[in-house]
Amino acid sequence: MTTRDRPLSPHLQIYRWQWTMALSITHRITGVALAAGTLLLVWWLLAAAMGPEAYAQVEAAMAHWLGRLVLFGWSWALFYHLSNGIRHLFWDAGRGYELRTGHATAWLVVLASLALTALTWAIGYGIIGG
Amino acid sequence: MSFRTPLARARGLGSAGEGTGHWWAQRLTAIALVPLCLWFVAGILGLIGAGHGAAVAWIASPFNAILLALLIFAVFHHGQLGLQVVIEDYVHTEWRKIALIVCVKFAALILGLAALFAIGRIAFGN
């Protein structure tokens, strides 16, 4: 029996790449990344519950350039998944399926995710003073 | 023994056998997460470099503790539902698929409970 090896959808390697498809894949990738990122959230909460020493470790890790890079990626992934998630909710309500609307909202999602990430980090760096 | 007719039992369940429950739960948690995530990002921005005392005080306030608990519930429910769909789409060997989904559900439960425990401990004092 070879049924196990039959190709099943989604056939990523077969479709011609297009803009809206890249957004769809990115929605998945950011979703998986955010699921992994919950480890950071739980670590932060547990450290806060454990005490000042454990919490200082989290703060030190997040102040490190590598920690900052992870946080930066995490924040963009969150804003992207959030923005595109709202786009998905409109589709679920039966709206926004026209080709032009689909492309326009795709651009809107990318711009919104970048703008929200930039805003968050501008505020963040404003608070710690550079 | 059930007095429900076969049609009543089958109605609305579809090919997946569980109906729209999964789909609907993913949407409900998604809607809840829109304001919760924005609130959370705004909240932790104020805690950057503020130290342990400020973080604990923020988490312990009743408003924040309750919203944080809701956020944790919605995040892990939404996350495990989403990962389940990804696994179902890309892992086609039956035992591997089921094993992975079980691992994801257990991990979500453990992490979610750990986070809720931490919030509770901070909110109610040691």
# chains A, B, ... in the order shown; residues from 1 in each chain; ligands from 1
>>> residues_around(residues="B:Arg121", least_positions_apart="3", cutoff="12 Å", atoms="only C-alpha atoms", output="NGL selection string")
(:A and (45-51)) or (:B and (56 or 59-60 or 65 or 113-118 or 124-126))
>>> write_last_selection(atoms="N, CA, C and O atoms", output="PDB file, in the first residue's frame")
ATOM      1  N   LEU A  45       6.511  35.458  33.910  1.00  0.00           N
ATOM      2  CA  LEU A  45       5.542  35.380  35.005  1.00  0.00           C
ATOM      3  C   LEU A  45       6.077  34.550  36.167  1.00  0.00           C
ATOM      4  O   LEU A  45       5.960  34.935  37.334  1.00  0.00           O
ATOM      5  N   LEU A  46       6.673  33.383  35.857  1.00  0.00           N
ATOM      6  CA  LEU A  46       7.197  32.521  36.915  1.00  0.00           C
ATOM      7  C   LEU A  46       8.333  33.214  37.662  1.00  0.00           C
ATOM      8  O   LEU A  46       8.421  33.134  38.889  1.00  0.00           O
ATOM      9  N   ALA A  47       9.188  33.917  36.918  1.00  0.00           N
ATOM     10  CA  ALA A  47      10.307  34.624  37.548  1.00  0.00           C
ATOM     11  C   ALA A  47       9.785  35.715  38.473  1.00  0.00           C
ATOM     12  O   ALA A  47      10.300  35.905  39.580  1.00  0.00           O
ATOM     13  N   ALA A  48       8.738  36.417  38.029  1.00  0.00           N
ATOM     14  CA  ALA A  48       8.147  37.457  38.870  1.00  0.00           C
ATOM     15  C   ALA A  48       7.585  36.845  40.147  1.00  0.00           C
ATOM     16  O   ALA A  48       7.669  37.435  41.226  1.00  0.00           O
ATOM     17  N   ALA A  49       7.017  35.630  40.021  1.00  0.00           N
ATOM     18  CA  ALA A  49       6.443  34.965  41.191  1.00  0.00           C
ATOM     19  C   ALA A  49       7.523  34.436  42.122  1.00  0.00           C
ATOM     20  O   ALA A  49       7.324  34.349  43.334  1.00  0.00           O
ATOM     21  N   MET A  50       8.691  34.091  41.543  1.00  0.00           N
ATOM     22  CA  MET A  50       9.742  33.479  42.359  1.00  0.00           C
ATOM     23  C   MET A  50      10.521  34.499  43.186  1.00  0.00           C
ATOM     24  O   MET A  50      10.974  34.184  44.274  1.00  0.00           O
ATOM     25  N   GLY A  51      10.710  35.700  42.631  1.00  0.00           N
ATOM     26  CA  GLY A  51      11.409  36.703  43.436  1.00  0.00           C
ATOM     27  C   GLY A  51      12.367  37.572  42.641  1.00  0.00           C
ATOM     28  O   GLY A  51      12.543  37.370  41.441  1.00  0.00           O
TER      29      GLY A  51
ATOM     30  N   VAL B  56       5.707  43.102  39.892  1.00  0.00           N
ATOM     31  CA  VAL B  56       4.806  42.399  40.810  1.00  0.00           C
ATOM     32  C   VAL B  56       3.590  43.268  41.157  1.00  0.00           C
ATOM     33  O   VAL B  56       2.452  42.789  41.188  1.00  0.00           O
ATOM     34  N   ILE B  59       1.262  43.224  38.118  1.00  0.00           N
ATOM     35  CA  ILE B  59       0.560  41.945  37.947  1.00  0.00           C
ATOM     36  C   ILE B  59      -0.480  41.761  39.063  1.00  0.00           C
ATOM     37  O   ILE B  59      -1.560  41.214  38.837  1.00  0.00           O
ATOM     38  N   ALA B  60      -0.148  42.223  40.278  1.00  0.00           N
ATOM     39  CA  ALA B  60      -1.005  41.951  41.435  1.00  0.00           C
ATOM     40  C   ALA B  60      -2.284  42.787  41.461  1.00  0.00           C
ATOM     41  O   ALA B  60      -3.242  42.412  42.144  1.00  0.00           O
ATOM     42  N   ALA B  65      -4.478  41.403  36.990  1.00  0.00           N
ATOM     43  CA  ALA B  65      -4.401  39.963  37.250  1.00  0.00           C
ATOM     44  C   ALA B  65      -5.503  39.215  36.501  1.00  0.00           C
ATOM     45  O   ALA B  65      -5.268  38.155  35.910  1.00  0.00           O
ATOM     46  N   LEU B 113      -1.184  26.437  32.934  1.00  0.00           N
ATOM     47  CA  LEU B 113      -1.369  26.291  34.383  1.00  0.00           C
ATOM     48  C   LEU B 113      -0.222  26.934  35.141  1.00  0.00           C
ATOM     49  O   LEU B 113      -0.438  27.576  36.185  1.00  0.00           O
ATOM     50  N   ALA B 114       1.006  26.782  34.625  1.00  0.00           N
ATOM     51  CA  ALA B 114       2.168  27.399  35.276  1.00  0.00           C
ATOM     52  C   ALA B 114       1.997  28.916  35.319  1.00  0.00           C
ATOM     53  O   ALA B 114       2.241  29.557  36.345  1.00  0.00           O
ATOM     54  N   ALA B 115       1.550  29.480  34.204  1.00  0.00           N
ATOM     55  CA  ALA B 115       1.367  30.935  34.145  1.00  0.00           C
ATOM     56  C   ALA B 115       0.262  31.382  35.097  1.00  0.00           C
ATOM     57  O   ALA B 115       0.415  32.375  35.818  1.00  0.00           O
ATOM     58  N   LEU B 116      -0.846  30.638  35.131  1.00  0.00           N
ATOM     59  CA  LEU B 116      -1.949  30.997  36.027  1.00  0.00           C
ATOM     60  C   LEU B 116      -1.530  30.879  37.487  1.00  0.00           C
ATOM     61  O   LEU B 116      -1.896  31.707  38.328  1.00  0.00           O
ATOM     62  N   PHE B 117      -0.707  29.843  37.777  1.00  0.00           N
ATOM     63  CA  PHE B 117      -0.201  29.682  39.132  1.00  0.00           C
ATOM     64  C   PHE B 117       0.649  30.889  39.533  1.00  0.00           C
ATOM     65  O   PHE B 117       0.504  31.433  40.641  1.00  0.00           O
ATOM     66  N   ALA B 118       1.517  31.319  38.603  1.00  0.00           N
ATOM     67  CA  ALA B 118       2.383  32.458  38.888  1.00  0.00           C
ATOM     68  C   ALA B 118       1.556  33.718  39.150  1.00  0.00           C
ATOM     69  O   ALA B 118       1.813  34.462  40.107  1.00  0.00           O
ATOM     70  N   PHE B 124      -2.271  36.899  45.098  1.00  0.00           N
ATOM     71  CA  PHE B 124      -2.758  36.580  46.440  1.00  0.00           C
ATOM     72  C   PHE B 124      -1.643  36.619  47.484  1.00  0.00           C
ATOM     73  O   PHE B 124      -1.850  36.229  48.629  1.00  0.00           O
ATOM     74  N   GLY B 125      -0.441  37.029  47.081  1.00  0.00           N
ATOM     75  CA  GLY B 125       0.689  37.050  48.005  1.00  0.00           C
ATOM     76  C   GLY B 125       1.232  35.664  48.195  1.00  0.00           C
ATOM     77  O   GLY B 125       0.594  34.682  47.831  1.00  0.00           O
ATOM     78  N   ASN B 126       2.473  35.561  48.729  1.00  0.00           N
ATOM     79  CA  ASN B 126       3.064  34.240  48.895  1.00  0.00           C
ATOM     80  C   ASN B 126       2.386  33.516  50.031  1.00  0.00           C
ATOM     81  O   ASN B 126       2.623  32.475  50.409  1.00  0.00           O
TER      82      ASN B 126
END
>>> interface_residues(of="chain B", to="chain A", cutoff="10 Å", atoms="only C-alpha atoms", output="VMD selection string")
chain B and resid 27 to 28 30 to 31 33 to 35 37 to 38 41 to 42 44 to 56 59 72 75 to 76 78 to 80 82 to 83 85 to 86 89 to 94 104 108 111 to 123 125 to 126
>>> write_last_selection(atoms="C-alpha atoms", output="PDB file, in the first residue's frame")
ATOM      1  CA  ARG B  27     -12.490  32.634  16.261  1.00  0.00           C
ATOM      2  CA  LEU B  28     -13.820  33.469  19.721  1.00  0.00           C
ATOM      3  CA  ALA B  30      -9.018  35.393  18.304  1.00  0.00           C
ATOM      4  CA  ILE B  31     -11.577  38.132  18.934  1.00  0.00           C
ATOM      5  CA  LEU B  33      -7.029  38.317  21.936  1.00  0.00           C
ATOM      6  CA  VAL B  34      -7.248  41.509  19.862  1.00  0.00           C
ATOM      7  CA  PRO B  35      -7.877  43.851  22.822  1.00  0.00           C
ATOM      8  CA  CYS B  37      -2.778  41.617  23.292  1.00  0.00           C
ATOM      9  CA  LEU B  38      -2.878  45.381  22.717  1.00  0.00           C
ATOM     10  CA  VAL B  41       1.896  45.184  25.086  1.00  0.00           C
ATOM     11  CA  ALA B  42       0.955  48.620  26.441  1.00  0.00           C
ATOM     12  CA  ILE B  44       4.610  45.631  29.739  1.00  0.00           C
ATOM     13  CA  LEU B  45       6.015  48.675  27.929  1.00  0.00           C
ATOM     14  CA  GLY B  46       5.610  50.487  31.231  1.00  0.00           C
ATOM     15  CA  LEU B  47       7.581  47.742  32.997  1.00  0.00           C
ATOM     16  CA  ILE B  48      10.744  47.900  30.879  1.00  0.00           C
ATOM     17  CA  GLY B  49      13.701  48.078  33.232  1.00  0.00           C
ATOM     18  CA  ALA B  50      11.393  48.928  36.138  1.00  0.00           C
ATOM     19  CA  GLY B  51      12.511  45.968  38.221  1.00  0.00           C
ATOM     20  CA  HIS B  52      10.823  43.223  40.205  1.00  0.00           C
ATOM     21  CA  GLY B  53       8.794  45.408  42.558  1.00  0.00           C
ATOM     22  CA  ALA B  54       7.074  47.324  39.763  1.00  0.00           C
ATOM     23  CA  ALA B  55       6.331  44.140  37.796  1.00  0.00           C
ATOM     24  CA  VAL B  56       4.806  42.399  40.810  1.00  0.00           C
ATOM     25  CA  ILE B  59       0.560  41.945  37.947  1.00  0.00           C
ATOM     26  CA  ILE B  72      -3.235  33.291  29.309  1.00  0.00           C
ATOM     27  CA  VAL B  75      -3.464  32.511  24.240  1.00  0.00           C
ATOM     28  CA  PHE B  76      -2.979  28.853  25.083  1.00  0.00           C
ATOM     29  CA  HIS B  78      -5.949  29.663  20.597  1.00  0.00           C
ATOM     30  CA  GLY B  79      -2.345  28.496  20.256  1.00  0.00           C
ATOM     31  CA  GLN B  80      -3.037  24.791  20.683  1.00  0.00           C
ATOM     32  CA  GLY B  82      -3.835  26.652  15.706  1.00  0.00           C
ATOM     33  CA  LEU B  83      -0.909  24.251  16.107  1.00  0.00           C
ATOM     34  CA  VAL B  85      -4.449  22.607  12.382  1.00  0.00           C
ATOM     35  CA  VAL B  86      -0.842  23.080  11.244  1.00  0.00           C
ATOM     36  CA  ASP B  89      -2.062  19.843   7.443  1.00  0.00           C
ATOM     37  CA  TYR B  90       1.577  18.819   7.284  1.00  0.00           C
ATOM     38  CA  VAL B  91       2.005  15.588   9.270  1.00  0.00           C
ATOM     39  CA  HIS B  92       0.331  12.770   7.370  1.00  0.00           C
ATOM     40  CA  THR B  93       1.542   9.689   9.255  1.00  0.00           C
ATOM     41  CA  GLU B  94      -1.342   8.934  11.574  1.00  0.00           C
ATOM     42  CA  VAL B 104       1.007  20.203  21.926  1.00  0.00           C
ATOM     43  CA  ALA B 108      -0.299  24.142  26.356  1.00  0.00           C
ATOM     44  CA  LEU B 111       2.418  26.158  30.412  1.00  0.00           C
ATOM     45  CA  GLY B 112      -1.014  27.713  30.870  1.00  0.00           C
ATOM     46  CA  LEU B 113      -1.369  26.291  34.383  1.00  0.00           C
ATOM     47  CA  ALA B 114       2.168  27.399  35.276  1.00  0.00           C
ATOM     48  CA  ALA B 115       1.367  30.935  34.145  1.00  0.00           C
ATOM     49  CA  LEU B 116      -1.949  30.997  36.027  1.00  0.00           C
ATOM     50  CA  PHE B 117      -0.201  29.682  39.132  1.00  0.00           C
ATOM     51  CA  ALA B 118       2.383  32.458  38.888  1.00  0.00           C
ATOM     52  CA  ILE B 119      -0.320  35.119  38.479  1.00  0.00           C
ATOM     53  CA  GLY B 120      -2.280  33.685  41.414  1.00  0.00           C
ATOM     54  CA  ARG B 121       0.766  33.534  43.652  1.00  0.00           C
ATOM     55  CA  ILE B 122       1.620  37.155  42.889  1.00  0.00           C
ATOM     56  CA  ALA B 123      -1.967  38.386  43.192  1.00  0.00           C
ATOM     57  CA  GLY B 125       0.689  37.050  48.005  1.00  0.00           C
ATOM     58  CA  ASN B 126       3.064  34.240  48.895  1.00  0.00           C
TER      59      ASN B 126
END
>>> atom_distance(atom1="atom CA of A:Asn84", atom2="atom CA of B:Trp24")
17.6 Å
>>> residues_around(residues="A:Val110", least_positions_apart="3", cutoff="9 Å", atoms="only C-alpha atoms", output="PyMOL selection string")
chain A and resi 23+80+83-84+105-107+113-115
